[in-house]
Amino acid sequence: MKDCVVIETYLEAIRDLREDGLTAPVVFVSSNTKDYAEAPGSRLRAELATEFAPLNIEYASTWDLAKHILGV
């Protein structure tokens with residue numbers, strides 16, 4: 001339940017920001033690959049990818065990967 005609240009809150013916040021004109025890259029970072037990835041160290045679960053794609057959200061399992069995606 002906690003993870004569901006986290007992801008739904010995150011999606012709502014990003015949806016609102018995108019509607020307000022945010023075009024900057026957005027990365028969801030969580031090392032909880034059990035709940036968010038297809039398999040540890042792999043891509044985002046398909047059902048989440050379907051929700052992330054229209055909002056142009058990337059998933060990273062580590063801060064280093066998030067920084068790489070953001071180019072920092």
# chains A, B, ... in the order shown; residues from 1 in each chain; ligands from 1
call {"tool": "residues_around", "arguments": {"residues": "Ile7 (chain A)", "least_positions_apart": "4", "cutoff": "12 Å", "atoms": "only C-alpha atoms", "output": "MDAnalysis selection string"}}
result
chainID A and resid 1:3 11:15 28:30 32 35:36 47:49 51:52 57 59
call {"tool": "select_by_dssp", "arguments": {"residues": "chain A", "states": "alpha helix (DSSP H)", "output": "PDB file with N, CA and C atoms, in the first residue's frame"}}
result
ATOM      1  N   LYS A   2       1.952   1.261   0.795  1.00  0.00           N
ATOM      2  CA  LYS A   2       2.813   2.439   0.870  1.00  0.00           C
ATOM      3  C   LYS A   2       3.377   2.802  -0.503  1.00  0.00           C
ATOM      4  N   ASP A   3       3.854   1.790  -1.233  1.00  0.00           N
ATOM      5  CA  ASP A   3       4.426   2.062  -2.548  1.00  0.00           C
ATOM      6  C   ASP A   3       3.380   2.627  -3.496  1.00  0.00           C
ATOM      7  N   CYS A   4       2.166   2.156  -3.394  1.00  0.00           N
ATOM      8  CA  CYS A   4       1.081   2.654  -4.233  1.00  0.00           C
ATOM      9  C   CYS A   4       0.834   4.133  -3.949  1.00  0.00           C
ATOM     10  N   VAL A   5       0.816   4.506  -2.687  1.00  0.00           N
ATOM     11  CA  VAL A   5       0.616   5.906  -2.314  1.00  0.00           C
ATOM     12  C   VAL A   5       1.767   6.757  -2.840  1.00  0.00           C
ATOM     13  N   VAL A   6       2.984   6.261  -2.709  1.00  0.00           N
ATOM     14  CA  VAL A   6       4.158   6.995  -3.194  1.00  0.00           C
ATOM     15  C   VAL A   6       4.047   7.236  -4.693  1.00  0.00           C
ATOM     16  N   ILE A   7       3.816   6.213  -5.462  1.00  0.00           N
ATOM     17  CA  ILE A   7       3.817   6.358  -6.916  1.00  0.00           C
ATOM     18  C   ILE A   7       2.635   7.181  -7.403  1.00  0.00           C
ATOM     19  N   GLU A   8       1.468   7.000  -6.814  1.00  0.00           N
ATOM     20  CA  GLU A   8       0.305   7.786  -7.236  1.00  0.00           C
ATOM     21  C   GLU A   8       0.485   9.267  -6.903  1.00  0.00           C
ATOM     22  N   THR A   9       1.068   9.560  -5.749  1.00  0.00           N
ATOM     23  CA  THR A   9       1.346  10.945  -5.375  1.00  0.00           C
ATOM     24  C   THR A   9       2.351  11.561  -6.332  1.00  0.00           C
ATOM     25  N   TYR A  10       3.383  10.813  -6.653  1.00  0.00           N
ATOM     26  CA  TYR A  10       4.420  11.274  -7.583  1.00  0.00           C
ATOM     27  C   TYR A  10       3.814  11.544  -8.965  1.00  0.00           C
ATOM     28  N   LEU A  11       3.039  10.610  -9.462  1.00  0.00           N
ATOM     29  CA  LEU A  11       2.428  10.787 -10.780  1.00  0.00           C
ATOM     30  C   LEU A  11       1.504  12.002 -10.814  1.00  0.00           C
ATOM     31  N   GLU A  12       0.730  12.195  -9.770  1.00  0.00           N
ATOM     32  CA  GLU A  12      -0.166  13.349  -9.720  1.00  0.00           C
ATOM     33  C   GLU A  12       0.626  14.660  -9.714  1.00  0.00           C
ATOM     34  N   ALA A  13       1.694  14.701  -8.938  1.00  0.00           N
ATOM     35  CA  ALA A  13       2.514  15.909  -8.875  1.00  0.00           C
ATOM     36  C   ALA A  13       3.149  16.220 -10.229  1.00  0.00           C
ATOM     37  N   ILE A  14       3.688  15.214 -10.893  1.00  0.00           N
ATOM     38  CA  ILE A  14       4.315  15.433 -12.194  1.00  0.00           C
ATOM     39  C   ILE A  14       3.270  15.791 -13.239  1.00  0.00           C
ATOM     40  N   ARG A  15       2.123  15.156 -13.188  1.00  0.00           N
ATOM     41  CA  ARG A  15       1.029  15.480 -14.115  1.00  0.00           C
ATOM     42  C   ARG A  15       0.663  16.969 -13.976  1.00  0.00           C
ATOM     43  N   ASP A  16       0.532  17.434 -12.736  1.00  0.00           N
ATOM     44  CA  ASP A  16       0.212  18.847 -12.489  1.00  0.00           C
ATOM     45  C   ASP A  16       1.319  19.760 -13.009  1.00  0.00           C
ATOM     46  N   LEU A  17       2.573  19.391 -12.759  1.00  0.00           N
ATOM     47  CA  LEU A  17       3.690  20.205 -13.237  1.00  0.00           C
ATOM     48  C   LEU A  17       3.746  20.251 -14.761  1.00  0.00           C
ATOM     49  N   ARG A  18       3.502  19.131 -15.400  1.00  0.00           N
ATOM     50  CA  ARG A  18       3.503  19.101 -16.868  1.00  0.00           C
ATOM     51  C   ARG A  18       2.368  19.983 -17.406  1.00  0.00           C
ATOM     52  N   GLU A  19       1.206  19.911 -16.784  1.00  0.00           N
ATOM     53  CA  GLU A  19       0.082  20.755 -17.210  1.00  0.00           C
ATOM     54  C   GLU A  19       0.392  22.237 -17.023  1.00  0.00           C
ATOM     55  N   THR A  33      13.663  -2.138  -6.449  1.00  0.00           N
ATOM     56  CA  THR A  33      13.446  -2.806  -7.732  1.00  0.00           C
ATOM     57  C   THR A  33      12.429  -3.930  -7.626  1.00  0.00           C
ATOM     58  N   LYS A  34      12.218  -4.421  -6.415  1.00  0.00           N
ATOM     59  CA  LYS A  34      11.218  -5.483  -6.224  1.00  0.00           C
ATOM     60  C   LYS A  34       9.836  -5.009  -6.669  1.00  0.00           C
ATOM     61  N   ASP A  35       9.506  -3.770  -6.360  1.00  0.00           N
ATOM     62  CA  ASP A  35       8.184  -3.254  -6.676  1.00  0.00           C
ATOM     63  C   ASP A  35       8.123  -2.450  -7.975  1.00  0.00           C
ATOM     64  N   TYR A  36       9.251  -1.881  -8.399  1.00  0.00           N
ATOM     65  CA  TYR A  36       9.202  -0.966  -9.532  1.00  0.00           C
ATOM     66  C   TYR A  36       9.829  -1.514 -10.820  1.00  0.00           C
ATOM     67  N   ALA A  46       6.128  -2.870 -16.746  1.00  0.00           N
ATOM     68  CA  ALA A  46       5.330  -2.454 -17.906  1.00  0.00           C
ATOM     69  C   ALA A  46       4.142  -1.586 -17.514  1.00  0.00           C
ATOM     70  N   GLU A  47       3.440  -1.958 -16.443  1.00  0.00           N
ATOM     71  CA  GLU A  47       2.262  -1.175 -16.053  1.00  0.00           C
ATOM     72  C   GLU A  47       2.635   0.229 -15.594  1.00  0.00           C
ATOM     73  N   LEU A  48       3.830   0.382 -15.021  1.00  0.00           N
ATOM     74  CA  LEU A  48       4.290   1.721 -14.634  1.00  0.00           C
ATOM     75  C   LEU A  48       4.834   2.476 -15.843  1.00  0.00           C
ATOM     76  N   ALA A  49       5.502   1.773 -16.730  1.00  0.00           N
ATOM     77  CA  ALA A  49       6.034   2.411 -17.939  1.00  0.00           C
ATOM     78  C   ALA A  49       4.905   3.043 -18.741  1.00  0.00           C
ATOM     79  N   THR A  50       3.744   2.404 -18.749  1.00  0.00           N
ATOM     80  CA  THR A  50       2.573   2.936 -19.448  1.00  0.00           C
ATOM     81  C   THR A  50       2.132   4.266 -18.848  1.00  0.00           C
ATOM     82  N   GLU A  51       2.293   4.418 -17.541  1.00  0.00           N
ATOM     83  CA  GLU A  51       1.918   5.674 -16.887  1.00  0.00           C
ATOM     84  C   GLU A  51       3.035   6.718 -16.961  1.00  0.00           C
ATOM     85  N   PHE A  52       4.294   6.271 -16.968  1.00  0.00           N
ATOM     86  CA  PHE A  52       5.423   7.194 -17.007  1.00  0.00           C
ATOM     87  C   PHE A  52       5.605   7.809 -18.391  1.00  0.00           C
ATOM     88  N   TRP A  63      20.920   6.726  -7.510  1.00  0.00           N
ATOM     89  CA  TRP A  63      21.151   8.157  -7.737  1.00  0.00           C
ATOM     90  C   TRP A  63      22.146   8.364  -8.870  1.00  0.00           C
ATOM     91  N   ASP A  64      23.146   7.508  -8.973  1.00  0.00           N
ATOM     92  CA  ASP A  64      24.114   7.642 -10.064  1.00  0.00           C
ATOM     93  C   ASP A  64      23.441   7.506 -11.421  1.00  0.00           C
ATOM     94  N   LEU A  65      22.538   6.561 -11.547  1.00  0.00           N
ATOM     95  CA  LEU A  65      21.816   6.395 -12.809  1.00  0.00           C
ATOM     96  C   LEU A  65      20.920   7.602 -13.072  1.00  0.00           C
ATOM     97  N   ALA A  66      20.282   8.114 -12.047  1.00  0.00           N
ATOM     98  CA  ALA A  66      19.433   9.303 -12.211  1.00  0.00           C
ATOM     99  C   ALA A  66      20.273  10.477 -12.690  1.00  0.00           C
ATOM    100  N   LYS A  67      21.437  10.677 -12.094  1.00  0.00           N
ATOM    101  CA  LYS A  67      22.324  11.771 -12.523  1.00  0.00           C
ATOM    102  C   LYS A  67      22.756  11.581 -13.965  1.00  0.00           C
ATOM    103  N   HIS A  68      23.035  10.349 -14.336  1.00  0.00           N
ATOM    104  CA  HIS A  68      23.411  10.058 -15.729  1.00  0.00           C
ATOM    105  C   HIS A  68      22.263  10.413 -16.682  1.00  0.00           C
ATOM    106  N   ILE A  69      21.075  10.004 -16.350  1.00  0.00           N
ATOM    107  CA  ILE A  69      19.907  10.299 -17.185  1.00  0.00           C
ATOM    108  C   ILE A  69      19.703  11.803 -17.322  1.00  0.00           C
ATOM    109  N   LEU A  70      19.937  12.532 -16.236  1.00  0.00           N
ATOM    110  CA  LEU A  70      19.759  13.985 -16.243  1.00  0.00           C
ATOM    111  C   LEU A  70      20.952  14.732 -16.816  1.00  0.00           C
TER     112      LEU A  70
END
call {"tool": "select_by_dssp", "arguments": {"residues": "region 3-72 of chain A", "states": "strand (DSSP E)", "output": "compact mmCIF listing (two decimals) with C-alpha atoms, in the first residue's frame"}}
result
# COMPACT_ATOMS: atom_id res chain seq x y z
CA VAL A 26 11.95 14.08 -14.59
CA VAL A 27 13.40 10.95 -13.02
CA PHE A 28 11.70 8.72 -10.46
CA VAL A 29 14.44 7.25 -8.25
CA ILE A 57 9.28 10.31 -16.69
CA GLU A 58 12.37 8.11 -16.55
CA TYR A 59 13.05 5.48 -13.87
CA ALA A 60 16.38 5.02 -12.11
call {"tool": "atom_distance", "arguments": {"atom1": "CA of Val72 (chain A)", "atom2": "CA of Gly21 (chain A)"}}
result
22.3 Å
call {"tool": "decode", "arguments": {"residues": "chain A", "atoms": "C-alpha atoms", "output": "PDB file, in the first residue's frame"}}
result
ATOM      1  CA  MET A   1       0.000   0.000   0.000  1.00  0.00           C
ATOM      2  CA  LYS A   2       2.813   2.439   0.870  1.00  0.00           C
ATOM      3  CA  ASP A   3       4.426   2.062  -2.548  1.00  0.00           C
ATOM      4  CA  CYS A   4       1.081   2.654  -4.233  1.00  0.00           C
ATOM      5  CA  VAL A   5       0.616   5.906  -2.314  1.00  0.00           C
ATOM      6  CA  VAL A   6       4.158   6.995  -3.194  1.00  0.00           C
ATOM      7  CA  ILE A   7       3.817   6.358  -6.916  1.00  0.00           C
ATOM      8  CA  GLU A   8       0.305   7.786  -7.236  1.00  0.00           C
ATOM      9  CA  THR A   9       1.346  10.945  -5.375  1.00  0.00           C
ATOM     10  CA  TYR A  10       4.420  11.274  -7.583  1.00  0.00           C
ATOM     11  CA  LEU A  11       2.428  10.787 -10.780  1.00  0.00           C
ATOM     12  CA  GLU A  12      -0.166  13.349  -9.720  1.00  0.00           C
ATOM     13  CA  ALA A  13       2.514  15.909  -8.875  1.00  0.00           C
ATOM     14  CA  ILE A  14       4.315  15.433 -12.194  1.00  0.00           C
ATOM     15  CA  ARG A  15       1.029  15.480 -14.115  1.00  0.00           C
ATOM     16  CA  ASP A  16       0.212  18.847 -12.489  1.00  0.00           C
ATOM     17  CA  LEU A  17       3.690  20.205 -13.237  1.00  0.00           C
ATOM     18  CA  ARG A  18       3.503  19.101 -16.868  1.00  0.00           C
ATOM     19  CA  GLU A  19       0.082  20.755 -17.210  1.00  0.00           C
ATOM     20  CA  ASP A  20       1.653  23.935 -15.804  1.00  0.00           C
ATOM     21  CA  GLY A  21       4.301  23.824 -18.530  1.00  0.00           C
ATOM     22  CA  LEU A  22       7.235  21.926 -17.010  1.00  0.00           C
ATOM     23  CA  THR A  23       9.324  20.498 -19.833  1.00  0.00           C
ATOM     24  CA  ALA A  24      12.444  19.603 -17.825  1.00  0.00           C
ATOM     25  CA  PRO A  25      13.438  15.962 -17.549  1.00  0.00           C
ATOM     26  CA  VAL A  26      11.949  14.077 -14.591  1.00  0.00           C
ATOM     27  CA  VAL A  27      13.403  10.949 -13.025  1.00  0.00           C
ATOM     28  CA  PHE A  28      11.704   8.719 -10.456  1.00  0.00           C
ATOM     29  CA  VAL A  29      14.444   7.251  -8.251  1.00  0.00           C
ATOM     30  CA  SER A  30      13.895   4.181  -6.121  1.00  0.00           C
ATOM     31  CA  SER A  31      16.187   1.334  -5.207  1.00  0.00           C
ATOM     32  CA  ASN A  32      13.057  -0.736  -4.580  1.00  0.00           C
ATOM     33  CA  THR A  33      13.446  -2.806  -7.732  1.00  0.00           C
ATOM     34  CA  LYS A  34      11.218  -5.483  -6.224  1.00  0.00           C
ATOM     35  CA  ASP A  35       8.184  -3.254  -6.676  1.00  0.00           C
ATOM     36  CA  TYR A  36       9.202  -0.966  -9.532  1.00  0.00           C
ATOM     37  CA  ALA A  37      11.370  -3.019 -11.919  1.00  0.00           C
ATOM     38  CA  GLU A  38      10.639  -6.071 -14.060  1.00  0.00           C
ATOM     39  CA  ALA A  39      13.620  -7.766 -12.378  1.00  0.00           C
ATOM     40  CA  PRO A  40      16.375  -6.370 -10.175  1.00  0.00           C
ATOM     41  CA  GLY A  41      18.583  -4.137 -12.286  1.00  0.00           C
ATOM     42  CA  SER A  42      16.196  -4.096 -15.241  1.00  0.00           C
ATOM     43  CA  ARG A  43      13.671  -1.735 -16.762  1.00  0.00           C
ATOM     44  CA  LEU A  44      10.562  -0.309 -15.163  1.00  0.00           C
ATOM     45  CA  ARG A  45       7.536  -2.598 -14.815  1.00  0.00           C
ATOM     46  CA  ALA A  46       5.330  -2.454 -17.906  1.00  0.00           C
ATOM     47  CA  GLU A  47       2.262  -1.175 -16.053  1.00  0.00           C
ATOM     48  CA  LEU A  48       4.290   1.721 -14.634  1.00  0.00           C
ATOM     49  CA  ALA A  49       6.034   2.411 -17.939  1.00  0.00           C
ATOM     50  CA  THR A  50       2.573   2.936 -19.448  1.00  0.00           C
ATOM     51  CA  GLU A  51       1.918   5.674 -16.887  1.00  0.00           C
ATOM     52  CA  PHE A  52       5.423   7.194 -17.007  1.00  0.00           C
ATOM     53  CA  ALA A  53       5.703   7.483 -20.802  1.00  0.00           C
ATOM     54  CA  PRO A  54       3.006  10.125 -21.429  1.00  0.00           C
ATOM     55  CA  LEU A  55       4.532  12.273 -18.686  1.00  0.00           C
ATOM     56  CA  ASN A  56       8.082  11.765 -20.000  1.00  0.00           C
ATOM     57  CA  ILE A  57       9.282  10.308 -16.685  1.00  0.00           C
ATOM     58  CA  GLU A  58      12.374   8.109 -16.547  1.00  0.00           C
ATOM     59  CA  TYR A  59      13.052   5.482 -13.865  1.00  0.00           C
ATOM     60  CA  ALA A  60      16.383   5.017 -12.111  1.00  0.00           C
ATOM     61  CA  SER A  61      17.234   2.494  -9.428  1.00  0.00           C
ATOM     62  CA  THR A  62      20.219   4.507  -8.159  1.00  0.00           C
ATOM     63  CA  TRP A  63      21.151   8.157  -7.737  1.00  0.00           C
ATOM     64  CA  ASP A  64      24.114   7.642 -10.064  1.00  0.00           C
ATOM     65  CA  LEU A  65      21.816   6.395 -12.809  1.00  0.00           C
ATOM     66  CA  ALA A  66      19.433   9.303 -12.211  1.00  0.00           C
ATOM     67  CA  LYS A  67      22.324  11.771 -12.523  1.00  0.00           C
ATOM     68  CA  HIS A  68      23.411  10.058 -15.729  1.00  0.00           C
ATOM     69  CA  ILE A  69      19.907  10.299 -17.185  1.00  0.00           C
ATOM     70  CA  LEU A  70      19.759  13.985 -16.243  1.00  0.00           C
ATOM     71  CA  GLY A  71      23.233  14.648 -17.601  1.00  0.00           C
ATOM     72  CA  VAL A  72      24.678  15.908 -14.328  1.00  0.00           C
TER      73      VAL A  72
END
